[in-house]
$ cat protein_31.cif   # mmCIF, C-alpha atoms and all ligand atoms
data_start
loop_
_atom_site.label_atom_id
_atom_site.label_comp_id
_atom_site.auth_asym_id
_atom_site.auth_seq_id
_atom_site.Cartn_x
_atom_site.Cartn_y
_atom_site.Cartn_z
CA MET A 193 121.20 -5.58 145.15
CA ILE A 194 119.01 -8.69 145.28
CA VAL A 195 115.21 -8.56 145.21
CA GLN A 196 113.54 -11.43 147.06
CA ASN A 197 109.93 -12.52 146.63
CA HIS A 198 107.33 -13.68 149.18
CA ILE A 199 109.32 -12.68 152.26
CA SER A 200 107.72 -12.89 155.71
CA LEU A 201 107.67 -9.53 157.54
CA LYS A 202 106.88 -11.11 160.94
CA GLU A 203 110.45 -10.50 162.15
CA PHE A 204 110.50 -7.04 160.57
CA ASN A 205 107.64 -5.48 162.56
CA THR A 206 107.71 -5.21 166.36
CA PHE A 207 103.97 -6.01 166.61
CA GLY A 208 105.03 -9.40 165.24
CA PHE A 209 102.09 -9.53 162.83
CA GLU A 210 102.15 -12.21 160.14
CA SER A 211 102.65 -10.53 156.78
CA THR A 212 104.15 -11.34 153.37
CA ALA A 213 105.98 -8.89 151.13
CA SER A 214 105.80 -9.66 147.42
CA TYR A 215 109.12 -7.81 146.82
CA PHE A 216 111.86 -7.23 149.40
CA ALA A 217 115.41 -5.86 149.07
CA SER A 218 118.05 -5.04 151.66
CA VAL A 219 120.31 -2.15 150.59
CA THR A 220 123.67 -1.43 152.22
CA SER A 221 124.94 1.49 150.10
CA GLU A 222 123.58 4.52 148.23
CA CYS A 223 124.45 2.75 144.96
CA GLU A 224 122.29 -0.27 145.86
CA LEU A 225 119.50 2.05 146.96
CA VAL A 226 119.43 3.72 143.52
CA GLU A 227 119.43 0.28 141.85
CA ALA A 228 116.41 -0.66 143.98
CA VAL A 229 114.61 2.57 142.98
CA VAL A 230 115.23 1.78 139.29
CA TYR A 231 113.93 -1.79 139.81
CA ALA A 232 110.75 -0.49 141.47
CA ARG A 233 110.18 1.99 138.62
CA GLU A 234 110.56 -0.72 135.99
CA LYS A 235 108.03 -2.94 137.76
CA ASP A 236 105.72 -0.02 138.59
CA LEU A 237 106.04 -0.71 142.33
CA LYS A 238 105.60 1.71 145.20
CA LEU A 239 108.63 2.15 147.49
CA LEU A 240 108.30 1.28 151.17
CA PRO A 241 111.43 2.16 153.20
CA LEU A 242 111.87 -0.03 156.28
CA GLY A 243 114.09 0.29 159.33
CA GLY A 244 113.54 -1.73 162.50
CA GLY A 245 109.76 -1.94 162.00
CA SER A 246 108.99 -0.46 165.42
CA ASN A 247 106.62 2.25 164.22
CA ILE A 248 104.66 0.57 161.44
CA LEU A 249 101.30 -1.16 161.03
CA VAL A 250 101.70 -4.09 158.68
CA PRO A 251 98.77 -5.66 156.79
CA ALA A 252 98.69 -9.39 156.03
CA ALA A 253 100.02 -8.84 152.48
CA VAL A 254 102.25 -6.05 151.18
CA GLU A 255 101.71 -6.18 147.43
CA ASN A 256 102.56 -3.87 144.52
CA ALA A 257 105.42 -2.42 146.54
CA LEU A 258 109.13 -2.97 147.01
CA VAL A 259 109.98 -3.14 150.71
CA MET A 260 113.41 -1.52 150.94
CA HIS A 261 115.25 -2.43 154.14
CA ILE A 262 117.77 0.41 154.43
CA ASN A 263 120.89 -0.97 156.13
CA ILE A 264 123.53 1.59 155.19
CA PRO A 265 126.18 1.53 157.94
CA GLY A 266 128.59 4.21 159.15
CA ILE A 267 129.58 6.42 162.04
CA GLU A 268 131.95 9.39 161.62
CA THR A 269 132.81 12.31 163.88
CA LYS A 270 134.05 15.79 162.98
CA LYS A 271 134.92 18.69 165.27
CA ALA A 272 132.68 21.74 164.64
CA GLY A 273 133.83 24.54 166.97
CA SER A 274 132.84 23.61 170.50
CA GLU A 275 130.52 20.92 169.18
CA ILE A 276 130.96 17.55 167.51
CA GLU A 277 129.28 16.55 164.27
CA LEU A 278 128.22 12.92 164.16
CA VAL A 279 127.36 11.53 160.73
CA LEU A 280 125.44 8.26 160.97
CA GLY A 281 124.40 5.77 158.31
CA ALA A 282 120.63 5.18 158.21
CA GLY A 283 121.12 1.50 159.09
CA GLU A 284 122.81 2.10 162.45
CA SER A 285 120.84 1.09 165.55
CA TRP A 286 119.46 4.16 167.35
CA HIS A 287 119.99 2.83 170.87
CA ASP A 288 123.54 1.59 170.14
CA THR A 289 124.31 5.06 168.79
CA VAL A 290 123.01 6.69 172.00
CA GLU A 291 125.15 4.32 174.08
CA TRP A 292 128.19 5.09 171.88
CA THR A 293 127.75 8.86 172.40
CA VAL A 294 127.47 8.43 176.17
CA ASN A 295 130.61 6.27 176.21
CA HIS A 296 132.41 9.00 174.25
CA GLY A 297 131.25 11.79 176.59
CA LEU A 298 128.97 13.41 173.99
CA SER A 299 125.70 14.85 175.27
CA GLY A 300 122.43 15.64 173.50
CA ILE A 301 120.63 12.33 172.93
CA GLU A 302 121.12 10.48 176.25
CA ALA A 303 117.42 10.93 177.22
CA MET A 304 116.41 9.11 174.02
CA ALA A 305 118.05 5.84 175.08
CA LEU A 306 116.24 2.56 174.36
CA ILE A 307 114.04 3.95 171.58
CA PRO A 308 113.96 0.94 169.23
CA GLY A 309 114.72 1.16 165.53
CA GLN A 310 117.33 2.56 163.17
CA VAL A 311 118.87 5.99 162.72
CA GLY A 312 117.24 6.48 159.29
CA ALA A 313 113.74 6.44 160.77
CA ALA A 314 114.54 8.83 163.62
CA PRO A 315 113.81 12.01 161.59
CA VAL A 316 110.59 10.52 160.18
CA GLN A 317 108.57 11.13 163.34
CA ASN A 318 111.12 13.45 165.00
CA ILE A 319 111.58 10.89 167.79
CA GLY A 320 111.38 12.19 171.30
CA ALA A 321 111.40 11.19 174.95
CA TYR A 322 111.71 12.92 178.32
CA GLY A 323 111.61 16.40 176.81
CA THR A 324 114.32 15.88 174.14
CA GLU A 325 113.44 15.61 170.46
CA LEU A 326 115.65 14.72 167.50
CA LYS A 327 115.12 18.23 166.10
CA ASP A 328 117.05 19.64 169.09
CA VAL A 329 120.30 18.02 167.88
CA LEU A 330 119.82 17.40 164.16
CA LYS A 331 121.97 19.38 161.71
CA SER A 332 120.93 17.77 158.41
CA VAL A 333 119.51 14.73 156.67
CA ARG A 334 120.80 13.17 153.45
CA ALA A 335 118.15 11.41 151.40
CA TYR A 336 117.33 10.25 147.91
CA ASP A 337 114.37 12.30 146.67
CA THR A 338 112.34 9.91 144.52
CA LYS A 339 110.34 12.79 143.02
CA GLU A 340 113.35 14.78 141.79
CA ASN A 341 115.49 11.63 141.27
CA GLN A 342 118.51 12.99 143.09
CA PHE A 343 120.23 12.98 146.47
CA VAL A 344 119.37 16.00 148.62
CA GLU A 345 120.83 17.44 151.81
CA LEU A 346 118.04 18.89 153.97
CA SER A 347 118.80 21.30 156.81
CA ASN A 348 116.99 21.09 160.15
CA ASN A 349 114.55 23.84 159.04
CA GLU A 350 113.84 22.13 155.74
CA CYS A 351 112.74 18.95 157.56
CA HIS A 352 109.68 20.84 158.97
CA PHE A 353 109.82 19.07 162.31
CA SER A 354 106.98 19.29 164.77
CA TYR A 355 105.61 17.06 167.56
CA ARG A 356 106.16 13.45 166.33
CA ASP A 357 105.96 14.74 162.77
CA SER A 358 108.13 15.89 159.85
CA LEU A 359 108.32 16.50 156.12
CA PHE A 360 109.17 12.77 155.75
CA LYS A 361 106.09 11.54 157.64
CA ARG A 362 103.86 13.85 155.58
CA ASN A 363 105.34 12.60 152.26
CA PRO A 364 105.57 8.82 152.76
CA GLY A 365 107.95 7.07 150.35
CA ARG A 366 109.25 10.27 148.73
CA TYR A 367 112.51 10.58 150.71
CA LEU A 368 114.78 7.58 151.28
CA ILE A 369 117.04 8.67 154.13
CA THR A 370 120.63 7.43 153.80
CA SER A 371 122.40 9.37 156.58
CA VAL A 372 121.79 11.82 159.38
CA CYS A 373 124.13 14.46 160.83
CA LEU A 374 123.77 15.34 164.54
CA LEU A 375 125.43 18.18 166.45
CA LEU A 376 126.41 17.03 169.94
CA SER A 377 128.21 18.69 172.80
CA SER A 378 131.40 17.52 174.47
CA SER A 379 130.78 19.78 177.47
CA SER A 380 129.80 18.12 180.76
CA GLU A 381 127.01 20.71 181.27
CA LEU A 382 123.69 18.92 180.84
CA SER A 383 120.31 20.53 180.28
CA GLU A 384 117.89 20.41 183.19
CA VAL A 385 115.71 17.29 183.57
CA LYS A 386 112.12 18.52 183.20
CA TYR A 387 110.19 15.25 183.44
CA GLY A 388 108.79 14.50 186.90
CA GLY A 389 109.08 10.72 186.53
CA LEU A 390 112.77 10.86 185.57
CA ASN A 391 113.54 13.43 188.30
CA GLN A 392 111.84 11.24 190.88
CA TYR A 393 113.82 8.21 189.74
CA LEU A 394 117.12 10.13 189.99
CA GLN A 395 116.16 11.39 193.47
CA ASP A 396 115.27 7.85 194.58
CA GLN A 397 118.78 6.77 193.52
CA GLY A 398 120.27 9.63 195.58
CA ILE A 399 121.57 11.37 192.43
CA THR A 400 121.39 15.16 192.86
CA HIS A 401 123.75 16.25 190.04
CA PRO A 402 123.17 13.71 187.26
CA LYS A 403 125.97 13.05 184.80
CA LEU A 404 125.56 11.79 181.24
CA GLN A 405 125.81 8.14 182.29
CA ASP A 406 123.27 8.69 185.13
CA ILE A 407 120.63 10.01 182.72
CA PHE A 408 121.29 7.15 180.29
CA ASN A 409 121.11 4.49 183.03
CA SER A 410 117.99 6.01 184.62
CA VAL A 411 116.12 6.34 181.32
CA CYS A 412 116.98 2.69 180.48
CA ALA A 413 115.85 1.46 183.91
CA LEU A 414 112.61 3.49 183.82
CA ARG A 415 111.72 2.37 180.32
CA ARG A 416 112.45 -1.29 181.12
CA SER A 417 110.12 -1.04 184.13
CA LYS A 418 107.22 0.55 182.20
CA LEU A 419 107.32 -0.57 178.58
CA PRO A 420 106.86 -4.04 177.08
CA ASP A 421 109.94 -5.45 175.31
CA PRO A 422 108.76 -6.17 171.73
CA ILE A 423 110.74 -9.43 171.79
CA GLU A 424 108.36 -10.68 174.49
CA ILE A 425 105.14 -8.72 173.75
CA GLY A 426 104.48 -7.30 170.29
CA ASN A 427 103.92 -3.51 170.29
CA ALA A 428 104.94 -0.28 168.57
CA GLY A 429 105.36 1.94 171.65
CA SER A 430 102.79 4.72 172.02
CA PHE A 431 99.87 3.91 169.74
CA PHE A 432 98.33 7.41 169.83
CA LYS A 433 99.91 10.86 169.82
CA ASN A 434 99.27 13.05 172.84
CA PRO A 435 96.45 15.40 171.75
CA ILE A 436 96.89 19.17 171.77
CA ILE A 437 93.83 21.21 172.83
CA SER A 438 92.93 24.87 173.32
CA GLY A 439 92.92 26.69 176.68
CA SER A 440 89.12 26.96 176.69
CA HIS A 441 88.71 23.23 175.97
CA LEU A 442 91.06 22.47 178.85
CA GLN A 443 89.07 24.68 181.22
CA THR A 444 85.82 22.89 180.36
CA LEU A 445 87.45 19.48 180.85
CA LYS A 446 89.04 20.49 184.18
CA GLU A 447 85.57 21.23 185.59
CA LYS A 448 84.56 17.60 185.06
CA TRP A 449 88.01 16.01 185.49
CA PRO A 450 89.99 18.00 188.10
CA ASN A 451 92.89 15.48 187.97
CA LEU A 452 93.31 15.81 184.19
CA VAL A 453 97.01 15.67 183.21
CA ALA A 454 97.96 18.57 180.90
CA TYR A 455 101.19 20.35 179.93
CA PRO A 456 101.50 23.79 178.30
CA GLU A 457 102.15 23.57 174.55
CA GLY A 458 103.15 26.88 172.95
CA GLU A 459 101.47 30.11 174.05
CA SER A 460 97.82 29.10 174.11
CA HIS A 461 97.55 25.32 173.83
CA HIS A 462 97.91 22.32 176.12
CA LYS A 463 99.09 18.74 175.60
CA LEU A 464 97.06 16.00 177.27
CA ALA A 465 98.56 12.64 178.25
CA ALA A 466 96.65 10.28 175.94
CA GLY A 467 97.51 7.32 178.20
CA TRP A 468 95.66 8.98 181.08
CA LEU A 469 92.54 9.59 178.93
CA ILE A 470 92.49 5.94 177.78
CA ASP A 471 92.99 4.74 181.36
CA GLN A 472 90.02 6.84 182.57
CA CYS A 473 87.84 5.16 179.94
CA GLY A 474 88.65 1.81 181.57
CA TRP A 475 90.79 0.35 178.79
CA LYS A 476 94.05 -0.28 180.68
CA GLY A 477 94.86 -4.02 180.76
CA GLN A 478 91.80 -4.93 178.61
CA LYS A 479 92.05 -7.72 176.06
CA PHE A 480 90.20 -7.53 172.73
CA GLY A 481 90.44 -10.83 170.85
CA ASN A 482 94.14 -11.42 170.25
CA VAL A 483 95.19 -7.81 170.89
CA GLY A 484 94.89 -5.56 173.93
CA VAL A 485 95.94 -2.55 176.02
CA TYR A 486 99.14 -2.94 178.06
CA SER A 487 98.51 -3.22 181.81
CA LYS A 488 101.28 -0.79 182.86
CA GLN A 489 100.77 1.92 180.20
CA ALA A 490 97.40 2.42 178.49
CA LEU A 491 99.01 4.25 175.57
CA VAL A 492 100.66 1.02 174.38
CA LEU A 493 98.53 -1.45 172.41
CA ILE A 494 99.84 -5.00 172.27
CA ASN A 495 99.68 -8.19 170.24
CA CYS A 496 98.68 -10.91 172.73
CA GLY A 497 99.75 -13.72 170.40
CA ASP A 498 98.05 -14.31 167.11
CA GLY A 499 96.72 -10.78 166.66
CA SER A 500 96.30 -9.05 163.31
CA LEU A 501 96.20 -5.49 162.07
CA VAL A 502 92.45 -5.83 161.44
CA GLU A 503 91.78 -6.62 165.12
CA LEU A 504 94.16 -3.91 166.29
CA MET A 505 92.47 -1.22 164.19
CA GLU A 506 89.07 -2.36 165.52
CA LEU A 507 90.33 -1.96 169.10
CA ALA A 508 91.85 1.43 168.22
CA GLU A 509 88.46 2.58 166.87
CA HIS A 510 86.70 1.55 170.11
CA ILE A 511 89.29 3.43 172.18
CA LYS A 512 89.06 6.55 169.99
CA LYS A 513 85.28 6.49 170.28
CA SER A 514 85.21 6.25 174.08
CA VAL A 515 87.88 8.96 174.48
CA TYR A 516 85.85 11.23 172.21
CA GLN A 517 82.62 10.52 174.09
CA ASN A 518 84.21 11.36 177.46
CA PHE A 519 86.61 14.18 176.57
CA SER A 520 85.58 15.49 173.09
CA VAL A 521 89.17 14.81 172.04
CA HIS A 522 90.20 13.11 168.77
CA LEU A 523 93.09 10.68 169.16
CA GLU A 524 95.47 10.36 166.23
CA ILE A 525 97.36 7.11 165.55
CA GLU A 526 101.15 7.52 165.77
CA PRO A 527 102.63 4.53 163.83
CA GLN A 528 102.34 4.55 160.05
CA LEU A 529 100.40 2.14 157.88
CA PHE A 530 102.95 0.10 155.90
CA ALA A 531 101.17 -0.32 152.58
P1 LIG A 601 110.24 1.72 161.02
O1 LIG A 601 109.16 1.28 161.92
O2 LIG A 601 110.92 0.69 160.20
O3 LIG A 601 109.68 2.87 160.07
C1 LIG A 601 108.94 3.92 160.58
C2 LIG A 601 108.56 4.86 159.41
O4 LIG A 601 109.75 5.45 158.87
C3 LIG A 601 107.92 4.11 158.24
O5 LIG A 601 106.97 4.99 157.67
C4 LIG A 601 109.07 3.85 157.28
O6 LIG A 601 108.63 3.75 155.94
C5 LIG A 601 109.94 5.09 157.50
N1 LIG A 601 111.38 4.84 157.32
C6 LIG A 601 112.13 3.94 157.98
N2 LIG A 601 113.42 4.04 157.59
C7 LIG A 601 113.47 5.05 156.68
C8 LIG A 601 114.52 5.63 155.90
N3 LIG A 601 115.80 5.22 155.98
N4 LIG A 601 114.19 6.63 155.03
C9 LIG A 601 112.91 7.06 154.93
N5 LIG A 601 111.88 6.56 155.63
C10 LIG A 601 112.16 5.56 156.49
N6 LIG A 601 109.23 6.72 169.37
C11 LIG A 601 109.54 7.90 169.92
O7 LIG A 601 109.51 8.93 169.25
N7 LIG A 601 109.86 7.99 171.25
C12 LIG A 601 109.92 6.92 172.05
O8 LIG A 601 110.25 7.05 173.23
C13 LIG A 601 109.59 5.64 171.50
N8 LIG A 601 109.57 4.55 172.28
C14 LIG A 601 109.22 3.34 171.75
C15 LIG A 601 109.20 2.22 172.57
C16 LIG A 601 108.86 0.98 172.06
C17 LIG A 601 108.85 -0.23 172.98
C18 LIG A 601 108.54 0.85 170.69
C19 LIG A 601 108.22 -0.50 170.12
C20 LIG A 601 108.55 1.96 169.85
C21 LIG A 601 108.89 3.22 170.37
N9 LIG A 601 108.91 4.38 169.58
C22 LIG A 601 109.24 5.59 170.12
C23 LIG A 601 108.53 4.31 168.14
C24 LIG A 601 109.73 3.91 167.21
O9 LIG A 601 110.69 3.17 167.91
C25 LIG A 601 110.41 5.11 166.58
O10 LIG A 601 109.49 5.85 165.83
C26 LIG A 601 111.59 4.71 165.67
O11 LIG A 601 112.26 5.85 165.19
C27 LIG A 601 111.17 3.84 164.50
O12 LIG A 601 112.35 3.33 163.91
P2 LIG A 601 112.33 2.06 162.97
O13 LIG A 601 113.70 1.92 162.37
O14 LIG A 601 111.82 0.89 163.68
O15 LIG A 601 111.31 2.56 161.86
P1 LIG A 602 105.41 9.85 181.51
O1 LIG A 602 106.71 10.36 181.97
O2 LIG A 602 104.59 8.98 182.40
O3 LIG A 602 104.50 11.07 181.03
C1 LIG A 602 103.18 10.85 180.52
C2 LIG A 602 102.95 11.85 179.40
O4 LIG A 602 103.02 13.16 179.92
C3 LIG A 602 104.03 11.70 178.35
O5 LIG A 602 103.38 11.28 177.22
C4 LIG A 602 104.68 13.06 178.23
O6 LIG A 602 104.55 13.63 176.94
C5 LIG A 602 103.90 13.97 179.17
N1 LIG A 602 104.83 14.67 180.09
C6 LIG A 602 105.30 14.22 181.28
N2 LIG A 602 106.06 15.17 181.87
C7 LIG A 602 106.06 16.22 181.03
C8 LIG A 602 106.67 17.52 181.09
N3 LIG A 602 107.39 17.91 182.13
N4 LIG A 602 106.48 18.35 180.05
C9 LIG A 602 105.76 17.98 178.99
N5 LIG A 602 105.14 16.77 178.89
C10 LIG A 602 105.29 15.91 179.89
O7 LIG A 602 105.59 9.09 180.10
P2 LIG A 602 106.07 7.61 179.78
O8 LIG A 602 104.96 6.88 179.16
O9 LIG A 602 106.79 7.03 180.95
O10 LIG A 602 107.14 7.90 178.62
C11 LIG A 602 108.34 8.58 178.92
C12 LIG A 602 108.85 9.30 177.69
O11 LIG A 602 109.15 8.34 176.66
C13 LIG A 602 107.84 10.26 177.09
O12 LIG A 602 108.50 11.40 176.63
C14 LIG A 602 107.24 9.50 175.93
O13 LIG A 602 106.85 10.32 174.84
C15 LIG A 602 108.40 8.61 175.49
N6 LIG A 602 107.88 7.37 174.89
C16 LIG A 602 107.42 7.44 173.61
C17 LIG A 602 106.95 6.31 172.98
C18 LIG A 602 106.52 6.36 171.53
O14 LIG A 602 106.33 5.29 170.93
N7 LIG A 602 106.36 7.51 170.94
C19 LIG A 602 106.87 5.10 173.67
C20 LIG A 602 107.28 5.10 175.01
C21 LIG A 602 107.80 6.23 175.61
P3 LIG A 602 105.51 13.32 175.70
O15 LIG A 602 105.10 11.96 175.23
O16 LIG A 602 105.15 14.38 174.74
O17 LIG A 602 106.93 13.38 176.12
#

$ encode --input "protein_31.cif" --output "structure tokens"
Amino acid sequence: MIVQNHISLKEFNTFGFESTASYFASVTSECELVEAVVYAREKDLKLLPLGGGSNILVPAAVENALVMHINIPGIETKKAGSEIELVLGAGESWHDTVEWTVNHGLSGIEAMALIPGQVGAAPVQNIGAYGTELKDVLKSVRAYDTKENQFVELSNNECHFSYRDSLFKRNPGRYLITSVCLLLSSSSELSEVKYGGLNQYLQDQGITHPKLQDIFNSVCALRRSKLPDPIEIGNAGSFFKNPIISGSHLQTLKEKWPNLVAYPEGESHHKLAAGWLIDQCGWKGQKFGNVGVYSKQALVLINCGDGSLVELMELAEHIKKSVYQNFSVHLEIEPQLFA
């Protein structure tokens, strides 16, 4: 395990912000990971686990911390009754894994194609897209618990998953995830597609009984048409979580905004599409210094070139303020501050 000093994080965050890490180590095994933890302890440094950098907000300098790029590889399958267990190293690419499962006829994660980043970060915000969430297929997570100084195996329940949230997101830096076990199905029966946009796309292609490969291809095509590729335009996907409001709040809003987009969430609550709220406030396509709001999806904030986290957070504050003024709804930022 080698610790490097003064490493640029520009290539390690999909916003492409300029940033320097005082201490940086890439670990490729559990042994190296423990060595890095010991190093950080000795130097009194905080631990900052890093995957593909597609859900983080990076300040200009990351000091007093060891950035630990977790690159542990591995993909293993085991038969578990009618299902297949897939054990994945934290360093595997999420999208390549999805493609691999589709090629091997395994269903369960095909709707989460093209989500950037590594497997190890997937449980952190319980990644989700088109009605599927990681929690629907996750059996367990193996991680090094830096509080108890030991490896732990956490079951699905113990990960306390909720909408774009988990035990890991609520305890930043405590758990260093080394592998993830998924339970996938080898049956050709797929769950029903619930998302209107995806259904419409399948219909437009003349696909009435979508197979695994059809869902994968359609999700990839839809996402490529709507979302900016971080290689071309810096971004971290959705910048805000979709807010959850009460039934009475929804009723009040519907009187003023009859076209308001809302989906039932549990028994008594409703999820609003944050992108729609931001769009109504006139932010879609707006530039703010060197950052801005993406022209095809108002939920995605972008780096227009030489942007910085300071500018981005200023823009986020303006957006939050106008959404609150119009809808009395608080928007919560989805990516995590990397500091
Ligand atoms: P990073 O950004 O490197 O890290 C994210 C957080 O996890 C950080 O707090 C980090 O410290 C922690 N972390 C990383 N690795 C580990 C580890 N091994 N152990 C412990 N903690 C760790 N998200 C969705 O949910 N759904 C989407 O559809 C989606 N679409 C996106 C589209 C685009 C274009 C972009 C840019 C992002 C999108 N995202 C989406 C957000 C992001 O891709 C996911 O959250 C992804 O899981 C982040 O993975 P990463 O490896 O890049 O994590
Ligand atoms: P979309 O299909 O245009 O839908 C807009 C919003 O409405 C989404 O945020 C989605 O919520 C919600 N929605 C739509 N149909 C729904 C249904 N039947 N039931 C419940 N909620 C519904 O969204 P999009 O922007 O093109 O994104 C497609 C999918 O990819 C979404 O699931 C989105 O979350 C995911 N995505 C996530 C990120 C990220 O960084 N987190 C980035 C890009 C795309 P949900 O977001 O809760 O699904």

$ axis_aligned_box --input "protein_31.cif" --around "ligand LIG 601 (chain A)" --padding-each-side "3 Å" --output "JSON"
{"center_x": 111.4, "center_y": 4.2, "center_z": 164.1, "size_x": 14.8, "size_y": 15.4, "size_z": 24.3}

$ residues_around --input "protein_31.cif" --residues "Leu298 (chain A)" --least-positions-apart "2" --cutoff "8 Å" --atoms "only C-alpha atoms" --output "MDAnalysis selection string"
chainID A and resid 276 293:296 300 376:379

$ residues_around --input "protein_31.cif" --residues "Asn482 (chain A)" --least-positions-apart "3" --cutoff "9 Å" --atoms "all atoms listed in the file" --output "list in words"
Lys479, Ile494, Asn495, Cys496, Gly497, Asp498, Gly499, Ser500, Glu503 and Leu504 of chain A

$ residues_near_ligand --input "protein_31.cif" --ligand "ligand LIG 601 (chain A)" --cutoff "7 Å" --atoms "all atoms listed in the file" --output "PyMOL selection string"
chain A and resi 205-206+240-248+262+282+304+307-314+316-321+356+360-361+364-365+367-370+419-422+427-430+528+530

$ closest_atom_pairs --input "protein_31.cif" --of "chain A" --to "ligand LIG 602 (chain A)" --cutoff "9 Å" --atoms "only C-alpha atoms and all ligand atoms" --output "Markdown table"
| residue | atom | partner | partner_atom | distance |
| --- | --- | --- | --- | --- |
| A:Ser246 | CA | A:LIG602 | O14 | 8.4 |
| A:Asn247 | CA | A:LIG602 | O14 | 7.4 |
| A:Ala303 | CA | A:LIG602 | O11 | 8.7 |
| A:Met304 | CA | A:LIG602 | O11 | 7.8 |
| A:Ile307 | CA | A:LIG602 | C19 | 7.6 |
| A:Pro308 | CA | A:LIG602 | O14 | 8.9 |
| A:Gln317 | CA | A:LIG602 | N7 | 8.7 |
| A:Ile319 | CA | A:LIG602 | N7 | 7.0 |
| A:Gly320 | CA | A:LIG602 | O13 | 6.0 |
| A:Ala321 | CA | A:LIG602 | O12 | 3.4 |
| A:Tyr322 | CA | A:LIG602 | O12 | 3.9 |
| A:Gly323 | CA | A:LIG602 | O17 | 5.6 |
| A:Thr324 | CA | A:LIG602 | O12 | 7.8 |
| A:Glu325 | CA | A:LIG602 | O17 | 8.9 |
| A:Tyr355 | CA | A:LIG602 | O16 | 7.7 |
| A:Arg356 | CA | A:LIG602 | N7 | 7.5 |
| A:Val385 | CA | A:LIG602 | N3 | 8.5 |
| A:Lys386 | CA | A:LIG602 | N3 | 4.9 |
| A:Tyr387 | CA | A:LIG602 | N3 | 4.1 |
| A:Gly388 | CA | A:LIG602 | N2 | 5.8 |
| A:Gly389 | CA | A:LIG602 | O1 | 5.2 |
| A:Leu390 | CA | A:LIG602 | O1 | 7.1 |
| A:Val411 | CA | A:LIG602 | C11 | 8.4 |
| A:Leu414 | CA | A:LIG602 | O9 | 7.4 |
| A:Arg415 | CA | A:LIG602 | O9 | 6.8 |
| A:Lys418 | CA | A:LIG602 | O9 | 6.6 |
| A:Leu419 | CA | A:LIG602 | C20 | 6.7 |
| A:Ala428 | CA | A:LIG602 | O14 | 6.2 |
| A:Gly429 | CA | A:LIG602 | O14 | 3.6 |
| A:Ser430 | CA | A:LIG602 | O14 | 3.7 |
| A:Phe431 | CA | A:LIG602 | O14 | 6.7 |
| A:Phe432 | CA | A:LIG602 | N7 | 8.1 |
| A:Lys433 | CA | A:LIG602 | N7 | 7.4 |
| A:Asn434 | CA | A:LIG602 | O5 | 6.3 |
| A:Val453 | CA | A:LIG602 | O4 | 7.3 |
| A:Ala454 | CA | A:LIG602 | O4 | 7.5 |
| A:Tyr455 | CA | A:LIG602 | C9 | 5.2 |
| A:Pro456 | CA | A:LIG602 | C9 | 7.2 |
| A:Glu457 | CA | A:LIG602 | C9 | 8.0 |
| A:Lys463 | CA | A:LIG602 | N5 | 7.2 |
| A:Leu464 | CA | A:LIG602 | O4 | 7.1 |
| A:Ala465 | CA | A:LIG602 | C2 | 4.6 |
| A:Ala466 | CA | A:LIG602 | O5 | 6.9 |
| A:Gly467 | CA | A:LIG602 | C1 | 7.1 |
| A:Trp468 | CA | A:LIG602 | C1 | 7.8 |
| A:Gln489 | CA | A:LIG602 | O8 | 6.6 |
| A:Ala490 | CA | A:LIG602 | O8 | 8.8 |
| A:Leu491 | CA | A:LIG602 | O8 | 7.4 |
| A:Val492 | CA | A:LIG602 | C19 | 7.5 |
| A:Glu526 | CA | A:LIG602 | N7 | 7.3 |
| A:Pro527 | CA | A:LIG602 | O14 | 8.0 |

$ residues_around --input "protein_31.cif" --residues "region 256-259 of chain A" --least-positions-apart "6" --cutoff "10 Å" --atoms "only C-alpha atoms" --output "compact mmCIF listing (two decimals) with C-alpha atoms, in the frame of the given file"
# COMPACT_ATOMS: atom_id res chain seq x y z
CA VAL A 195 115.21 -8.56 145.21
CA GLN A 196 113.54 -11.43 147.06
CA ASN A 197 109.93 -12.52 146.63
CA ILE A 199 109.32 -12.68 152.26
CA LEU A 201 107.67 -9.53 157.54
CA ALA A 213 105.98 -8.89 151.13
CA SER A 214 105.80 -9.66 147.42
CA TYR A 215 109.12 -7.81 146.82
CA PHE A 216 111.86 -7.23 149.40
CA ALA A 217 115.41 -5.86 149.07
CA SER A 218 118.05 -5.04 151.66
CA ALA A 228 116.41 -0.66 143.98
CA VAL A 229 114.61 2.57 142.98
CA TYR A 231 113.93 -1.79 139.81
CA ALA A 232 110.75 -0.49 141.47
CA ARG A 233 110.18 1.99 138.62
CA LYS A 235 108.03 -2.94 137.76
CA ASP A 236 105.72 -0.02 138.59
CA LEU A 237 106.04 -0.71 142.33
CA LYS A 238 105.60 1.71 145.20
CA LEU A 239 108.63 2.15 147.49
CA LEU A 240 108.30 1.28 151.17
CA PRO A 241 111.43 2.16 153.20
CA LEU A 242 111.87 -0.03 156.28
CA PHE A 530 102.95 0.10 155.90
CA ALA A 531 101.17 -0.32 152.58

$ atom_distance --input "protein_31.cif" --atom1 "CA of Lys202 (chain A)" --atom2 "CA of Leu501 (chain A)"
12.1 Å

$ residues_around --input "protein_31.cif" --residues "Met505 (chain A)" --least-positions-apart "5" --cutoff "10 Å" --atoms "all atoms listed in the file" --output "ChimeraX atom specification"
/A:249,483,500,510-511,525

$ residues_around --input "protein_31.cif" --residues "Ile399 (chain A)" --least-positions-apart "6" --cutoff "12 Å" --atoms "all atoms listed in the file" --output "list in words"
Leu390, Asn391, Gln392, Tyr393, Gln405, Asp406, Ile407, Asn409 and Ser410 of chain A

$ closest_residue --input "protein_31.cif" --among "A:Leu374, A:Ala335, A:Ala508, A:Leu278" --to "Glu524 (chain A)" --atoms "all atoms listed in the file"
A:Ala508
